[in-house]
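Content type mmCIF, C-alpha atoms and all ligand atoms, from the file protein07.cif:
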```cif
data_run
loop_
_atom_site.label_atom_id
_atom_site.label_comp_id
_atom_site.auth_asym_id
_atom_site.auth_seq_id
_atom_site.Cartn_x
_atom_site.Cartn_y
_atom_site.Cartn_z
CA MET M 1 27.76 -58.38 -25.49
CA LYS M 2 26.99 -62.07 -26.02
CA GLY M 3 23.28 -61.73 -25.43
CA ILE M 4 20.59 -60.12 -23.39
CA PRO M 5 19.69 -61.49 -19.96
CA ILE M 6 15.92 -61.69 -19.50
CA PHE M 7 15.15 -61.81 -15.80
CA MET M 8 12.02 -63.49 -14.44
CA TYR M 9 10.57 -62.10 -11.25
CA HIS M 10 7.27 -62.73 -9.45
CA ALA M 11 6.19 -60.81 -6.33
CA LEU M 12 8.13 -58.38 -4.15
CA GLU M 13 7.46 -57.78 -0.48
CA ASP M 14 8.47 -55.54 2.38
CA ALA M 15 7.63 -55.53 6.08
CA GLY M 16 4.35 -53.70 5.50
CA HIS M 17 3.34 -55.56 2.36
CA PRO M 18 3.85 -59.33 2.65
CA ALA M 19 3.37 -61.08 -0.67
CA GLY M 20 1.12 -63.59 1.08
CA SER M 21 1.72 -66.44 -1.35
CA LEU M 22 -1.07 -68.97 -1.39
CA ASP M 23 1.40 -71.74 -2.18
CA PRO M 24 4.17 -71.94 0.45
CA GLY M 25 6.67 -73.02 -2.22
CA GLU M 26 6.01 -69.84 -4.12
CA GLN M 27 7.74 -67.87 -1.38
CA ARG M 28 11.01 -68.91 -3.03
CA TYR M 29 10.19 -66.49 -5.82
CA VAL M 30 9.26 -63.57 -3.57
CA LEU M 31 12.04 -61.01 -3.34
CA GLU M 32 12.44 -58.50 -0.58
CA VAL M 33 12.08 -55.05 -1.97
CA GLU M 34 15.59 -54.05 -0.82
CA ARG M 35 17.08 -56.86 -2.85
CA PHE M 36 15.30 -55.73 -6.00
CA ALA M 37 16.32 -52.13 -5.32
CA ALA M 38 19.96 -53.20 -5.02
CA GLN M 39 19.69 -55.04 -8.34
CA LEU M 40 18.25 -51.98 -10.09
CA ALA M 41 20.87 -49.74 -8.49
CA PHE M 42 23.56 -51.98 -9.94
CA LEU M 43 21.97 -52.00 -13.40
CA LYS M 44 21.72 -48.23 -13.35
CA SER M 45 25.27 -47.69 -12.12
CA GLU M 46 26.54 -49.95 -14.92
CA GLY M 47 24.57 -48.06 -17.57
CA PHE M 48 22.09 -50.81 -18.40
CA GLN M 49 19.06 -50.04 -20.54
CA SER M 50 15.85 -52.07 -20.21
CA PHE M 51 13.85 -53.38 -23.15
CA LEU M 52 10.24 -54.52 -23.42
CA ALA M 53 9.05 -57.58 -25.31
CA SER M 54 7.95 -55.42 -28.22
CA ASP M 55 11.45 -53.86 -28.42
CA LEU M 56 12.99 -57.28 -29.03
CA GLU M 57 11.04 -57.61 -32.28
CA SER M 58 12.89 -54.71 -33.85
CA LEU M 59 16.38 -55.04 -32.36
CA THR M 60 18.93 -55.69 -35.05
CA ARG M 61 21.96 -56.02 -32.81
CA VAL M 62 22.55 -56.74 -29.14
CA PRO M 63 23.23 -53.43 -27.41
CA GLU M 64 25.88 -53.19 -24.72
CA ARG M 65 24.37 -53.36 -21.24
CA ALA M 66 20.88 -54.45 -22.23
CA VAL M 67 18.43 -56.23 -19.95
CA VAL M 68 14.78 -57.34 -20.00
CA LEU M 69 12.87 -57.38 -16.70
CA THR M 70 9.74 -59.55 -16.54
CA PHE M 71 7.22 -60.26 -13.77
CA ASP M 72 4.92 -63.30 -13.81
CA ASP M 73 1.46 -63.90 -12.31
CA GLY M 74 0.12 -60.34 -11.88
CA HIS M 75 0.79 -59.75 -8.17
CA ALA M 76 -0.47 -56.57 -6.49
CA SER M 77 3.14 -55.79 -5.56
CA ASN M 78 3.83 -55.18 -9.27
CA LEU M 79 2.07 -51.87 -8.78
CA THR M 80 2.70 -51.06 -5.11
CA LEU M 81 6.37 -52.03 -4.77
CA THR M 82 7.85 -52.74 -8.20
CA LEU M 83 6.63 -49.78 -10.23
CA PRO M 84 7.93 -47.06 -7.85
CA LEU M 85 11.40 -48.62 -7.97
CA LEU M 86 11.35 -49.01 -11.74
CA GLU M 87 10.44 -45.34 -12.03
CA LYS M 88 13.08 -44.29 -9.51
CA TYR M 89 15.83 -46.04 -11.47
CA GLY M 90 14.45 -45.37 -14.93
CA PHE M 91 13.67 -48.91 -16.08
CA ARG M 92 10.69 -50.53 -17.77
CA ALA M 93 9.40 -54.07 -17.29
CA GLU M 94 7.03 -56.53 -18.89
CA PHE M 95 4.19 -57.74 -16.64
CA PHE M 96 2.57 -61.09 -17.45
CA VAL M 97 -0.89 -61.36 -15.94
CA THR M 98 -2.88 -64.52 -15.18
CA THR M 99 -6.33 -63.24 -16.03
CA ASP M 100 -8.42 -65.48 -13.70
CA TRP M 101 -6.53 -63.93 -10.79
CA ILE M 102 -7.29 -60.29 -11.69
CA GLY M 103 -8.98 -58.62 -8.72
CA ALA M 104 -8.27 -61.51 -6.32
CA PRO M 105 -6.72 -60.59 -2.96
CA ARG M 106 -3.05 -59.64 -3.41
CA PHE M 107 -3.31 -59.63 -7.21
CA LEU M 108 -3.64 -56.73 -9.62
CA SER M 109 -7.01 -55.16 -10.33
CA ARG M 110 -8.05 -54.01 -13.79
CA ASP M 111 -7.18 -50.45 -12.78
CA GLY M 112 -3.82 -51.64 -11.50
CA ILE M 113 -3.03 -53.15 -14.89
CA ARG M 114 -4.03 -49.91 -16.58
CA SER M 115 -1.77 -47.95 -14.20
CA LEU M 116 1.21 -50.11 -15.16
CA GLN M 117 0.42 -49.62 -18.82
CA ALA M 118 0.02 -45.85 -18.38
CA ALA M 119 3.48 -45.78 -16.78
CA GLY M 120 4.94 -47.21 -19.98
CA MET M 121 5.23 -50.82 -18.87
CA GLY M 122 4.55 -53.82 -21.08
CA ILE M 123 1.50 -56.02 -20.43
CA GLY M 124 1.40 -59.62 -21.56
CA SER M 125 -0.53 -62.81 -20.89
CA HIS M 126 0.36 -65.52 -18.38
CA GLY M 127 -2.63 -67.62 -19.42
CA ALA M 128 -6.14 -67.52 -18.01
CA SER M 129 -6.01 -70.14 -15.24
CA HIS M 130 -2.24 -70.71 -14.89
CA ALA M 131 -2.62 -74.24 -16.32
CA PHE M 132 0.61 -75.55 -17.81
CA LEU M 133 -0.04 -74.92 -21.49
CA SER M 134 1.93 -77.83 -22.90
CA GLN M 135 -0.31 -80.29 -21.03
CA LEU M 136 -3.62 -79.03 -22.42
CA LYS M 137 -5.84 -80.43 -25.13
CA PRO M 138 -5.89 -78.17 -28.21
CA ALA M 139 -9.33 -76.68 -27.43
CA ASP M 140 -8.36 -75.86 -23.83
CA LEU M 141 -5.03 -74.47 -24.96
CA GLU M 142 -6.73 -72.19 -27.44
CA ARG M 143 -9.16 -70.98 -24.79
CA GLU M 144 -6.37 -70.15 -22.33
CA LEU M 145 -4.44 -68.23 -24.96
CA ARG M 146 -7.39 -66.48 -26.59
CA ASP M 147 -9.42 -65.59 -23.47
CA SER M 148 -6.47 -64.13 -21.56
CA ARG M 149 -5.38 -62.11 -24.60
CA GLU M 150 -8.90 -60.76 -25.13
CA ILE M 151 -9.38 -59.83 -21.47
CA LEU M 152 -6.05 -57.98 -21.31
CA GLY M 153 -6.75 -56.35 -24.66
CA ASP M 154 -10.10 -55.18 -23.29
CA ILE M 155 -8.49 -53.76 -20.14
CA THR M 156 -5.60 -52.02 -21.89
CA GLY M 157 -7.12 -51.18 -25.25
CA ALA M 158 -3.89 -52.56 -26.74
CA SER M 159 -3.11 -55.57 -28.88
CA ILE M 160 -1.50 -58.10 -26.52
CA ALA M 161 1.48 -59.73 -28.22
CA SER M 162 3.61 -61.20 -25.42
CA LEU M 163 3.07 -64.43 -23.52
CA SER M 164 4.88 -66.06 -20.64
CA ALA M 165 4.10 -69.73 -20.17
CA PRO M 166 2.96 -70.89 -16.73
CA GLY M 167 5.42 -73.59 -15.73
CA GLY M 168 7.96 -72.09 -18.10
CA ARG M 169 7.68 -74.43 -21.07
CA ILE M 170 6.52 -73.75 -24.62
CA GLY M 171 6.70 -76.64 -27.05
CA PRO M 172 6.16 -76.35 -30.80
CA GLU M 173 2.39 -76.96 -30.52
CA VAL M 174 1.91 -74.22 -27.93
CA ALA M 175 4.10 -71.85 -29.92
CA ALA M 176 2.16 -72.49 -33.12
CA ALA M 177 -1.19 -71.99 -31.38
CA ALA M 178 0.01 -68.80 -29.67
CA VAL M 179 1.39 -67.30 -32.88
CA SER M 180 -1.80 -68.11 -34.77
CA LEU M 181 -3.77 -66.19 -32.11
CA GLY M 182 -1.61 -63.07 -32.42
CA TYR M 183 1.23 -63.50 -29.94
CA ARG M 184 4.65 -62.56 -31.26
CA THR M 185 7.01 -62.94 -28.29
CA LEU M 186 6.88 -66.12 -26.17
CA PHE M 187 8.80 -66.33 -22.89
CA THR M 188 9.91 -69.59 -21.24
CA SER M 189 11.97 -70.26 -18.14
CA LEU M 190 14.70 -72.10 -19.99
CA PRO M 191 17.93 -70.54 -18.75
CA GLY M 192 20.13 -68.65 -21.18
CA LEU M 193 20.62 -65.36 -22.96
CA TRP M 194 18.72 -64.07 -25.97
CA SER M 195 20.56 -62.75 -28.99
CA THR M 196 19.21 -60.89 -31.99
CA GLY M 197 18.48 -63.47 -34.64
CA GLY M 198 17.43 -65.95 -31.94
CA SER M 199 13.84 -67.18 -31.85
CA LEU M 200 11.21 -64.88 -30.37
CA HIS M 201 9.04 -67.94 -29.77
CA GLU M 202 11.21 -69.58 -27.11
CA LEU M 203 12.77 -66.70 -25.22
CA PRO M 204 14.98 -67.90 -22.38
CA ARG M 205 14.78 -66.33 -18.93
CA LEU M 206 16.83 -66.33 -15.77
CA ALA M 207 14.70 -66.96 -12.66
CA LEU M 208 15.25 -64.67 -9.71
CA ARG M 209 14.79 -66.63 -6.50
CA ASN M 210 15.07 -65.08 -3.07
CA ASN M 211 18.31 -66.93 -2.32
CA LEU M 212 20.15 -65.44 -5.31
CA ASP M 213 22.85 -63.19 -3.90
CA GLN M 214 23.75 -59.79 -5.28
CA ALA M 215 27.14 -60.91 -6.59
CA THR M 216 25.58 -63.71 -8.66
CA PHE M 217 22.90 -61.35 -9.93
CA GLU M 218 25.59 -58.94 -11.10
CA ARG M 219 27.49 -61.74 -12.84
CA LEU M 220 24.28 -62.87 -14.58
CA ALA M 221 23.47 -59.33 -15.68
CA LEU M 222 26.96 -59.05 -17.15
CA ALA M 223 26.37 -62.40 -18.92
CA GLU M 224 29.32 -64.12 -17.27
CA GLU M 225 29.68 -67.67 -18.51
CA GLY M 226 30.37 -69.15 -15.07
CA ALA M 227 27.24 -67.69 -13.51
CA LEU M 228 25.11 -68.80 -16.47
CA ARG M 229 26.52 -72.32 -16.28
CA GLN M 230 25.73 -72.44 -12.56
CA VAL M 231 22.09 -71.52 -13.18
CA SER M 232 21.79 -73.83 -16.20
CA ARG M 233 23.14 -76.81 -14.29
CA LYS M 234 20.32 -76.65 -11.77
CA GLU M 235 17.69 -76.16 -14.49
CA GLY M 236 19.35 -78.95 -16.48
CA LEU M 237 18.94 -81.31 -13.55
CA LEU M 238 15.28 -80.42 -13.42
CA ALA M 239 14.83 -80.96 -17.15
CA SER M 240 16.42 -84.43 -16.96
CA ALA M 241 14.24 -85.29 -13.99
CA ARG M 242 11.17 -84.29 -15.97
CA LYS M 243 12.20 -86.52 -18.87
CA LEU M 244 13.00 -89.48 -16.67
CA LEU M 245 10.20 -89.29 -14.16
CA GLY M 246 7.30 -87.72 -16.02
CA GLU M 247 5.28 -84.84 -14.65
CA ARG M 248 4.41 -86.27 -11.22
CA GLY M 249 7.94 -87.36 -10.44
CA TYR M 250 9.26 -84.11 -11.77
CA ARG M 251 7.06 -82.11 -9.41
CA LEU M 252 8.39 -84.12 -6.49
CA VAL M 253 12.02 -83.60 -7.47
CA ARG M 254 11.43 -79.94 -8.19
CA SER M 255 9.80 -79.45 -4.82
CA VAL M 256 12.87 -80.98 -3.18
CA LEU M 257 15.33 -78.91 -5.20
CA LEU M 258 13.43 -75.64 -5.21
CA GLY M 259 11.18 -75.89 -2.18
CA GLY M 260 7.87 -76.82 -3.70
CA CYS M 261 7.15 -74.07 -6.17
CA LEU M 262 5.35 -75.12 -9.29
CA HIS M 263 5.11 -71.67 -10.75
CA GLY M 264 6.91 -70.45 -13.81
ZN ZN E 301 3.32 -68.25 -12.99
#
```

Structure rendered as structure tokens:
Amino acid sequence: MKGIPIFMYHALEDAGHPAGSLDPGEQRYVLEVERFAAQLAFLKSEGFQSFLASDLESLTRVPERAVVLTFDDGHASNLTLTLPLLEKYGFRAEFFVTTDWIGAPRFLSRDGIRSLQAAGMGIGSHGASHAFLSQLKPADLERELRDSREILGDITGASIASLSAPGGRIGPEVAAAAVSLGYRTLFTSLPGLWSTGGSLHELPRLALRNNLDQATFERLALAEEGALRQVSRKEGLLASARKLLGERGYRLVRSVLLGGCLHG
């Protein structure tokens, strides 16, 4: 296999449990539970094995049919809707929690985080306030990285070593600060596959939006070039817009292309 697809999810919802996004644009990243179930059913039928962030540190070769499943933001649905399906299909996922949101309506509680951990899931940081890390002054950056890691370490009793960047970008300064504070695996939303020998400090991910059809998901899971190019082209457009227009202009263009979501 050419590399491992690392999928980036956010919240799931069903008729009885709406995700209730605060930001209307965020709804783009909310998947119906049936869609996620169909994706897991496919992965299982094809013999895929899931890996956690900590597994990537020790992989020496890319296994056939490998996948990493990640969830950003720390939504309550991680526990109520996602975990039962992961257990049903025999997969594990990495959950990145924004620590200021712990205990807020529709987000995970401290007990919820512990339940995910007890079920064998990975717990990582998604910052403290969800500020975009690459835009922060060094002192603020350090606080976001250190506070969120300490809070999650306190909740789980574990050493937190994985980080997913709000907004999806990790430049060299953020990476250096994160590594110096004890993080070892850093997840972005740059599209692509990860291969053994590739950097653990700029892990690419493939975003799962609610308009991604099952066929495209299957092609991405199987690391088909065409499907990867399709995803990369859209992200590439966004990256060029960011360069050309700066952050404000980028947000406008992104909201037009993606429907307003500023979350990574
Ligand atoms: Zn986020």

Within 12 Å of ligand ZN 301 (chain E) (counting only C-alpha atoms and all ligand atoms), which residues show up? I'd like them as a PyMOL selection string.
chain M and resi 8-11+21+23+26+29+70-75+95-99+101+125-133+163-169+187-189+207+261-264

Pairwise distance, CA of Leu200 in chain M with CA of Leu186 in chain M, equals 6.2 Å

Near range 43-59 of chain M, counting only C-alpha atoms, which residues have an atom at most 7 Å away, once you skip same-chain residues fewer than 6 positions from it, shown as a PyMOL selection string?
chain M and resi 65-68+89+91-94+122+162+185+196

Which residue is closest to Ala223 in chain M? Choose from M:Asn210, M:Gly16, M:Glu64, M:Glu87 and count all atoms listed in the file.
M:Glu64

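Distances to Leu79 in chain M were evaluated for M:Asp100, M:Glu142, M:Glu32, M:Asp111 using only C-alpha atoms, and the minimum falls at M:Asp111.
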
At a cut-off of 12 Å, using all atoms listed in the file, what residues contact Pro84 in chain M? Leave out same-chain residues fewer than 3 positions from it and give the result as a short mmCIF file (atom, residue, chain, number, x, y, z; two decimals) with C-alpha atoms, in the coordinates of the input.
```cif
data_model
loop_
_atom_site.label_atom_id
_atom_site.label_comp_id
_atom_site.auth_asym_id
_atom_site.auth_seq_id
_atom_site.Cartn_x
_atom_site.Cartn_y
_atom_site.Cartn_z
CA LEU M 12 8.13 -58.38 -4.15
CA VAL M 33 12.08 -55.05 -1.97
CA PHE M 36 15.30 -55.73 -6.00
CA ALA M 37 16.32 -52.13 -5.32
CA LEU M 40 18.25 -51.98 -10.09
CA SER M 77 3.14 -55.79 -5.56
CA ASN M 78 3.83 -55.18 -9.27
CA LEU M 79 2.07 -51.87 -8.78
CA THR M 80 2.70 -51.06 -5.11
CA LEU M 81 6.37 -52.03 -4.77
CA GLU M 87 10.44 -45.34 -12.03
CA LYS M 88 13.08 -44.29 -9.51
CA TYR M 89 15.83 -46.04 -11.47
CA GLY M 90 14.45 -45.37 -14.93
CA PHE M 91 13.67 -48.91 -16.08
CA ARG M 92 10.69 -50.53 -17.77
CA ALA M 93 9.40 -54.07 -17.29
CA SER M 115 -1.77 -47.95 -14.20
CA LEU M 116 1.21 -50.11 -15.16
CA ALA M 119 3.48 -45.78 -16.78
CA MET M 121 5.23 -50.82 -18.87
#
```

Choose the residue, out of M:Arg229, M:Arg61, M:Arg35, M:Arg28, that has the smallest atom-to-atom separation from Gly198 in chain M; count only C-alpha atoms.
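Of M:Arg229, M:Arg61, M:Arg35, M:Arg28, the one nearest Gly198 in chain M is M:Arg61, counting only C-alpha atoms.
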
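Across the model, the gap from CA of Gly153 in chain M to CA of Gly120 in chain M is 15.6 Å.
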
Could you work out how far CA of Gly103 in chain M lies from CA of Pro204 in chain M, giving the answer in Å with one decimal?
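The value is 29.1 Å.
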
Using all atoms listed in the file, what residues lie at most 7 Å away from (24.1, -62.5, -28.8) (file coordinates), given as a ChimeraX atom specification?
/M:1-4,62,194-196

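Ranking M:Leu222, M:Leu181, M:Leu228, M:Leu145 by their shortest atom-to-atom distance to Leu206 in chain M, with only C-alpha atoms included, puts M:Leu228 first.
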
May I ask which of the residues M:Arg143, M:Arg209, M:His17, M:Arg233 is the closest one to Val30 in chain M, counting only C-alpha atoms?
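The closest residue to Val30 in chain M is M:Arg209.
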
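If you measure from each of M:Arg110, M:Pro18, M:Glu150, M:His201 to Val179 in chain M using all atoms listed in the file, the closest one turns out to be M:His201.
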
Edge lengths and centre in Å to one decimal, as AutoDock Vina command-line options, of the axis-aligned box that encloses all listed atoms of range 67-78 of chain M with 6 Å added on every side?
```
--center_x 9.0 --center_y -59.5 --center_z -12.8 --size_x 30.9 --size_y 20.7 --size_z 26.4
```
